[in-house]
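Undergrad: File name run_39.tsv; file contents TSV, C-alpha atoms and all ligand atoms; full text below.
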```tsv
chain	number	residue	atom	x	y	z
A	1	MET	CA	0.00	0.00	0.00
A	2	ALA	CA	1.10	3.52	-0.70
A	3	THR	CA	2.50	5.66	2.06
A	4	LEU	CA	2.59	9.44	2.11
A	5	PRO	CA	5.56	11.73	2.74
A	6	VAL	CA	5.43	13.30	6.20
A	7	LEU	CA	5.97	17.04	6.20
A	8	THR	CA	8.16	18.70	8.78
A	9	ILE	CA	8.56	22.17	10.31
A	10	PRO	CA	8.88	24.98	9.38
A	11	LEU	CA	6.38	24.29	6.59
A	12	PRO	CA	3.63	26.97	6.80
A	13	SER	CA	0.75	24.57	6.02
A	14	LEU	CA	1.46	22.73	9.31
A	15	ARG	CA	0.48	25.98	11.04
A	16	GLU	CA	-2.88	26.45	9.31
A	17	ARG	CA	-6.33	25.70	10.63
A	18	SER	CA	-7.67	22.69	8.73
A	19	ARG	CA	-11.20	22.63	7.36
A	20	GLU	CA	-14.11	20.45	8.50
A	21	LEU	CA	-15.15	17.49	6.35
A	22	GLU	CA	-18.66	17.01	5.04
A	23	GLY	CA	-20.27	13.65	5.78
A	24	HIS	CA	-20.53	12.78	2.08
A	25	GLU	CA	-16.81	13.41	1.54
A	26	ILE	CA	-15.88	10.78	4.12
A	27	THR	CA	-17.54	7.82	2.44
A	28	THR	CA	-16.04	8.31	-1.03
A	29	PRO	CA	-13.59	5.61	-2.21
A	30	GLU	CA	-10.91	8.30	-2.67
A	31	PHE	CA	-11.20	9.42	0.91
A	32	GLN	CA	-11.26	5.85	2.23
A	33	GLN	CA	-8.04	5.19	0.29
A	34	PHE	CA	-6.53	8.32	1.78
A	35	LEU	CA	-7.36	7.08	5.30
A	36	ASP	CA	-5.71	3.72	4.56
A	37	ALA	CA	-2.61	5.48	3.25
A	38	LEU	CA	-2.57	7.68	6.36
A	39	ILE	CA	-2.74	4.58	8.58
A	40	GLU	CA	0.06	2.92	6.61
A	41	THR	CA	2.17	6.06	6.93
A	42	MET	CA	1.63	6.14	10.70
A	43	PHE	CA	2.86	2.53	10.96
A	44	ILE	CA	5.89	3.02	8.70
A	45	GLU	CA	6.87	6.09	10.69
A	46	ASP	CA	6.30	4.23	13.97
A	47	GLY	CA	3.76	6.73	15.29
A	48	ILE	CA	0.83	6.13	17.64
A	49	GLY	CA	-1.17	8.86	15.90
A	50	ILE	CA	-1.08	11.05	12.81
A	51	ALA	CA	-3.07	14.00	11.50
A	52	ALA	CA	-3.95	14.77	7.86
A	53	PRO	CA	-2.10	18.14	7.78
A	54	GLN	CA	1.13	16.20	8.44
A	55	VAL	CA	0.85	14.75	4.94
A	56	GLY	CA	-0.21	18.01	3.33
A	57	LYS	CA	-4.00	17.70	3.53
A	58	ASN	CA	-5.47	20.53	5.56
A	59	ILE	CA	-8.63	18.67	6.51
A	60	ARG	CA	-9.83	17.65	9.98
A	61	ALA	CA	-8.93	13.95	9.99
A	62	ILE	CA	-6.74	12.08	12.46
A	63	ILE	CA	-5.71	8.47	13.05
A	64	VAL	CA	-5.11	7.10	16.52
A	65	ASN	CA	-3.77	3.60	17.06
A	66	LEU	CA	-6.10	2.56	19.87
A	67	LYS	CA	-5.11	-0.32	22.10
A	68	LYS	CA	-8.22	-2.46	21.50
A	69	GLU	CA	-9.58	-1.25	18.16
A	70	GLY	CA	-6.24	-0.71	16.41
A	71	PRO	CA	-5.74	2.18	13.96
A	72	THR	CA	-8.95	4.23	13.95
A	73	ALA	CA	-9.87	7.30	11.92
A	74	PHE	CA	-11.70	10.27	13.44
A	75	MET	CA	-13.04	13.13	11.34
A	76	ASN	CA	-13.96	16.59	12.67
A	77	PRO	CA	-12.90	15.55	16.20
A	78	VAL	CA	-13.94	17.90	18.98
A	79	ILE	CA	-13.01	17.62	22.64
A	80	THR	CA	-16.25	18.09	24.56
A	81	LYS	CA	-15.07	17.52	28.12
A	82	THR	CA	-11.73	17.68	29.89
A	83	SER	CA	-10.63	16.67	33.35
A	84	GLU	CA	-9.27	19.26	35.70
A	85	ALA	CA	-6.47	16.84	36.48
A	86	THR	CA	-3.44	17.09	34.23
A	87	ILE	CA	-0.43	14.91	33.50
A	88	VAL	CA	3.01	15.75	32.18
A	89	GLY	CA	4.32	13.30	29.61
A	90	GLU	CA	6.99	12.95	26.95
A	91	GLU	CA	5.83	13.74	23.43
A	92	GLY	CA	7.43	13.53	20.04
A	93	CYS	CA	6.06	14.37	16.60
A	94	LEU	CA	6.77	13.04	13.11
A	95	SER	CA	6.68	16.64	11.88
A	96	VAL	CA	9.26	17.77	14.45
A	97	PRO	CA	12.07	15.26	13.88
A	98	GLY	CA	14.96	14.75	16.28
A	99	LYS	CA	13.25	16.22	19.32
A	100	TYR	CA	10.99	15.28	22.21
A	101	GLY	CA	9.45	17.35	24.94
A	102	LEU	CA	7.55	17.42	28.19
A	103	VAL	CA	3.98	18.63	27.81
A	104	ARG	CA	1.19	19.13	30.33
A	105	ARG	CA	-2.16	17.79	29.11
A	106	HIS	CA	-5.60	16.98	30.50
A	107	LYS	CA	-5.52	13.54	32.06
A	108	ARG	CA	-8.93	12.57	30.71
A	109	VAL	CA	-10.89	13.88	27.72
A	110	THR	CA	-14.21	13.14	26.06
A	111	MET	CA	-14.18	13.44	22.30
A	112	LYS	CA	-16.87	13.55	19.64
A	113	ALA	CA	-16.12	12.85	15.97
A	114	LEU	CA	-17.30	11.14	12.81
A	115	ASN	CA	-15.95	7.66	12.14
A	116	ARG	CA	-14.91	6.44	8.70
A	117	HIS	CA	-18.53	5.49	7.95
A	118	GLY	CA	-19.57	9.09	8.60
A	119	ARG	CA	-21.32	8.17	11.85
A	120	THR	CA	-21.00	10.16	15.07
A	121	VAL	CA	-18.93	8.50	17.76
A	122	GLU	CA	-18.13	9.58	21.28
A	123	LEU	CA	-15.16	8.35	23.23
A	124	GLU	CA	-13.74	8.92	26.69
A	125	VAL	CA	-10.03	8.30	27.03
A	126	SER	CA	-7.42	8.81	29.72
A	127	GLY	CA	-3.68	8.70	30.13
A	128	LEU	CA	-1.63	8.03	27.01
A	129	PHE	CA	-4.61	8.07	24.64
A	130	ALA	CA	-5.95	11.31	26.11
A	131	VAL	CA	-2.53	12.79	25.34
A	132	VAL	CA	-2.51	11.41	21.79
A	133	PHE	CA	-5.97	12.83	21.02
A	134	GLN	CA	-5.04	16.26	22.36
A	135	HIS	CA	-1.78	16.21	20.36
A	136	GLU	CA	-3.45	15.15	17.09
A	137	ILE	CA	-6.42	17.52	17.41
A	138	ASP	CA	-3.96	20.38	18.03
A	139	HIS	CA	-2.46	19.61	14.60
A	140	LEU	CA	-5.83	20.47	13.03
A	141	ASP	CA	-5.51	23.97	14.46
A	142	GLY	CA	-1.90	24.39	13.42
A	143	ILE	CA	-0.64	23.84	16.96
A	144	LEU	CA	2.44	21.70	17.64
A	145	TYR	CA	3.51	20.19	20.95
A	146	ILE	CA	6.60	22.43	20.95
A	147	ASP	CA	4.21	25.40	21.39
A	148	LYS	CA	3.00	23.93	24.69
A	149	ALA	CA	6.08	22.08	25.90
A	150	ILE	CA	7.57	22.84	29.30
A	151	GLU	CA	10.93	21.62	27.99
A	152	VAL	CA	12.21	20.29	24.66
A	153	PHE	CA	15.19	17.97	24.28
A	154	ASP	CA	17.45	16.83	21.46
A	155	LYS	CA	16.74	13.13	20.84
A	156	THR	CA	20.35	12.17	20.16
A	157	SER	CA	22.19	14.06	22.87
A	158	GLY	CA	19.36	14.30	25.39
A	159	LYS	CA	20.33	17.94	25.84
A	160	LYS	CA	17.77	20.60	26.58
A	161	ILE	CA	16.94	22.90	23.65
A	162	ALA	CA	16.19	26.55	24.29
A	163	LEU	CA	12.68	27.45	23.11
A	201	ZN	ZN	2.42	15.42	15.89
```
As structure tokens, what does this structure read like?
Ligand code: ZN

TA:
Amino acid sequence: MATLPVLTIPLPSLRERSRELEGHEITTPEFQQFLDALIETMFIEDGIGIAAPQVGKNIRAIIVNLKKEGPTAFMNPVITKTSEATIVGEEGCLSVPGKYGLVRRHKRVTMKALNRHGRTVELEVSGLFAVVFQHEIDHLDGILYIDKAIEVFDKTSGKKIAL
């Protein structure tokens, strides 16, 4: 299956707000193929999630590799509820190569989206998957984890990078 090239900073399109998808766009064979290619790209790049703008499509679609369900597509995802409790975790991004950072996120989030059949789904996630959803949904608004990171490190040397 075809994979897609992952775009990296400082590409301006990674900083744009992506547009909502219409229900009828989601069920077309072209779009379904795009989702499969996005999933394949996430696996090749060893990611746990990926967002459409990372491959140059400024549309609101993300993939998250859920523990039970496996790679799952979510269109027009919206976080509807967040916990007051937060966690600080290590994050990396395929679009920000060679770095990782510490980011504070909500510990638990509820999310509403359309699935790949165009049907509304609601999901409550916590811990790692809450972090992944917040990270990927940020991509749809042109926000990268480095914008929110408490600290960013060089992957090779482990040295702190000045922001
Ligand atoms: Zn990312």

Undergrad: Using all atoms listed in the file, which of the listed residues (A:Val88, A:Val78, A:Ala73, A:Ile146) sits closest to ligand ZN 201 (chain A)?

TA: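 Checking each of A:Val88, A:Val78, A:Ala73, A:Ile146 against ligand ZN 201 (chain A), counting all atoms listed in the file, the winner is A:Ile146.
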
Undergrad: Would you tabulate, counting only C-alpha atoms and all ligand atoms, all residues of chain A that have an atom at most 8 Å from an atom of ligand ZN 201 (chain A), showing the closest pair of atoms and their distance in Å to one decimal, sorted by chain then ascending number, as JSON lines?

TA:
```
{"residue": "A:Gly49", "atom": "CA", "partner": "A:ZN201", "partner_atom": "ZN", "distance": 7.5}
{"residue": "A:Ile50", "atom": "CA", "partner": "A:ZN201", "partner_atom": "ZN", "distance": 6.4}
{"residue": "A:Ala51", "atom": "CA", "partner": "A:ZN201", "partner_atom": "ZN", "distance": 7.2}
{"residue": "A:Gln54", "atom": "CA", "partner": "A:ZN201", "partner_atom": "ZN", "distance": 7.6}
{"residue": "A:Gly92", "atom": "CA", "partner": "A:ZN201", "partner_atom": "ZN", "distance": 6.8}
{"residue": "A:Cys93", "atom": "CA", "partner": "A:ZN201", "partner_atom": "ZN", "distance": 3.9}
{"residue": "A:Leu94", "atom": "CA", "partner": "A:ZN201", "partner_atom": "ZN", "distance": 5.7}
{"residue": "A:Ser95", "atom": "CA", "partner": "A:ZN201", "partner_atom": "ZN", "distance": 6.0}
{"residue": "A:Val96", "atom": "CA", "partner": "A:ZN201", "partner_atom": "ZN", "distance": 7.4}
{"residue": "A:His135", "atom": "CA", "partner": "A:ZN201", "partner_atom": "ZN", "distance": 6.2}
{"residue": "A:Glu136", "atom": "CA", "partner": "A:ZN201", "partner_atom": "ZN", "distance": 6.0}
{"residue": "A:His139", "atom": "CA", "partner": "A:ZN201", "partner_atom": "ZN", "distance": 6.6}
{"residue": "A:Leu144", "atom": "CA", "partner": "A:ZN201", "partner_atom": "ZN", "distance": 6.5}
{"residue": "A:Tyr145", "atom": "CA", "partner": "A:ZN201", "partner_atom": "ZN", "distance": 7.0}
```

Undergrad: With distances taken over only C-alpha atoms, which residue among A:Val6, A:Pro12, A:His117, A:Ala61 lies nearest Gly47 in chain A?

TA: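 Nearest candidate to Gly47 in chain A out of A:Val6, A:Pro12, A:His117, A:Ala61: A:Val6.
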
Undergrad: Show me the residues around (-0.3, 26.4, 10.4) - criterion: an atom at most 9 Å away, all atoms listed in the file counted - as a ChimeraX atom specification.

TA: /A:11-18,53,139-143

Undergrad: Now that the selection is made, can you save its residues with C-alpha atoms as a tab-separated table (two decimals), in the frame of the given file?

TA:
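Written out: out.tsv:
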```tsv
chain	number	residue	atom	x	y	z
A	11	LEU	CA	6.38	24.29	6.59
A	12	PRO	CA	3.63	26.97	6.80
A	13	SER	CA	0.75	24.57	6.02
A	14	LEU	CA	1.46	22.73	9.31
A	15	ARG	CA	0.48	25.98	11.04
A	16	GLU	CA	-2.88	26.45	9.31
A	17	ARG	CA	-6.33	25.70	10.63
A	18	SER	CA	-7.67	22.69	8.73
A	53	PRO	CA	-2.10	18.14	7.78
A	139	HIS	CA	-2.46	19.61	14.60
A	140	LEU	CA	-5.83	20.47	13.03
A	141	ASP	CA	-5.51	23.97	14.46
A	142	GLY	CA	-1.90	24.39	13.42
A	143	ILE	CA	-0.64	23.84	16.96
```

Undergrad: How many Å separate CA of Met42 in chain A from CA of Thr72 in chain A?

TA: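 One can read the CA of Met42 in chain A to CA of Thr72 in chain A distance as 11.2 Å.
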
Undergrad: Counting all atoms listed in the file, select every polymer residue within 6 Å of (-14.9, 17.1, 9.1) as defined in the file's coordinates, and provide the selection as a ChimeraX atom specification.

TA: /A:20-22,60,75-76

Undergrad: Counting only C-alpha atoms, figure out which residue out of A:Ala85, A:Ala2, A:Met111, A:Ile59 gets nearest to Ile26 in chain A.

TA: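 Comparing A:Ala85, A:Ala2, A:Met111, A:Ile59 against Ile26 in chain A, the winner is A:Ile59.
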
Undergrad: Looking at A:His106, A:Gln134, A:Glu91, A:Arg116, which one is nearest to Asp36 in chain A, with distances taken over all atoms listed in the file?

TA: A:Arg116

Undergrad: Can you measure CA of Glu90 in chain A to CA of Val132 in chain A for me? One decimal in Å is fine.

TA: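 Here the two named atoms are 10.9 Å from each other.
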
Undergrad: Considering only C-alpha atoms, return as a list in words whatever protein or nucleic-acid residues lie within 10 Å of Lys148 in chain A, sequence-local ones (same chain, fewer than 3 positions apart) excluded.

TA: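 So, after excluding close chain neighbours, the residues are Gly101, Leu102, Val103, Arg104, Arg105, Ile143, Leu144, Tyr145, Glu151 and Val152 of chain A.
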
Undergrad: Just the number, please: distance in Å from CA of Leu7 in chain A to CA of Asn65 in chain A, one decimal.

TA: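 These two atoms are separated by 19.8 Å.
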
Undergrad: Kindly indicate which residue among A:Asp154, A:Glu30, A:Glu25, A:Glu122 lies nearest to Tyr100 in chain A, using only C-alpha atoms for the distances.

TA: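 Residue with the minimum atom-to-atom distance to Tyr100 in chain A: A:Asp154.
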
Undergrad: Fewer than 5 positions away in the same chain doesn't count, so skip those; otherwise give me all residues within 8 Å of Gly118 in chain A, counting all atoms listed in the file, as a list of chain:residue names.

TA: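 Near Gly118 in chain A, the qualifying residues are A:Gly23, A:His24, A:Ile26, A:Thr27.
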
Undergrad: Given the choices A:Glu40, A:Leu35, A:Ile9, A:Lys99, which gets closest to Lys159 in chain A if the distance is worked out from all atoms listed in the file?

TA: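 That would be A:Lys99, the residue with the smallest distance to Lys159 in chain A.
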
Undergrad: Please, what is the axis-aligned box for every listed atom of range 17-28 of chain A with 8 Å on each side, as centre and edge lengths in Å to one decimal, as lines of an AutoDock Vina configuration file?

TA:
```
center_x = -13.4
center_y = 16.8
center_z = 4.8
size_x = 30.2
size_y = 33.9
size_z = 27.7
```

Undergrad: Can you list, as a list in words, every protein, DNA or RNA residue that comes within 7 Å of Ala130 in chain A when you count only C-alpha atoms, leaving out same-chain residues fewer than 5 positions away?

TA: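 Within the cut-off, the hits are Lys107, Arg108, Val109 and Val125 of chain A.
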
Undergrad: Rebuild range 133-147 of chain A so that it carries N, CA and C atoms, then output the result as a short mmCIF file (atom, residue, chain, number, x, y, z; two decimals), in the frame of the given file.

TA:
```cif
data_model
loop_
_atom_site.label_atom_id
_atom_site.label_comp_id
_atom_site.auth_asym_id
_atom_site.auth_seq_id
_atom_site.Cartn_x
_atom_site.Cartn_y
_atom_site.Cartn_z
N PHE A 133 -4.85 12.09 21.62
CA PHE A 133 -5.97 12.83 21.02
C PHE A 133 -5.74 14.34 21.09
N GLN A 134 -5.27 14.82 22.23
CA GLN A 134 -5.04 16.26 22.36
C GLN A 134 -3.94 16.72 21.40
N HIS A 135 -2.89 15.90 21.27
CA HIS A 135 -1.78 16.21 20.36
C HIS A 135 -2.26 16.26 18.90
N GLU A 136 -3.02 15.23 18.50
CA GLU A 136 -3.45 15.15 17.09
C GLU A 136 -4.48 16.23 16.76
N ILE A 137 -5.40 16.50 17.67
CA ILE A 137 -6.42 17.52 17.41
C ILE A 137 -5.76 18.90 17.33
N ASP A 138 -4.73 19.12 18.13
CA ASP A 138 -3.96 20.38 18.03
C ASP A 138 -3.43 20.60 16.61
N HIS A 139 -2.97 19.50 15.97
CA HIS A 139 -2.46 19.61 14.60
C HIS A 139 -3.48 20.25 13.66
N LEU A 140 -4.77 19.97 13.91
CA LEU A 140 -5.83 20.47 13.03
C LEU A 140 -6.02 21.98 13.18
N ASP A 141 -5.47 22.52 14.25
CA ASP A 141 -5.51 23.97 14.46
C ASP A 141 -4.14 24.60 14.28
N GLY A 142 -3.23 23.84 13.69
CA GLY A 142 -1.90 24.39 13.42
C GLY A 142 -1.01 24.50 14.65
N ILE A 143 -1.40 23.78 15.71
CA ILE A 143 -0.64 23.84 16.96
C ILE A 143 0.25 22.60 17.09
N LEU A 144 1.50 22.81 17.44
CA LEU A 144 2.44 21.70 17.64
C LEU A 144 2.80 21.60 19.11
N TYR A 145 3.23 20.39 19.53
CA TYR A 145 3.51 20.19 20.95
C TYR A 145 4.61 21.14 21.44
N ILE A 146 5.51 21.53 20.55
CA ILE A 146 6.60 22.43 20.95
C ILE A 146 6.06 23.80 21.38
N ASP A 147 4.83 24.13 20.96
CA ASP A 147 4.21 25.40 21.39
C ASP A 147 3.80 25.34 22.85
#
```
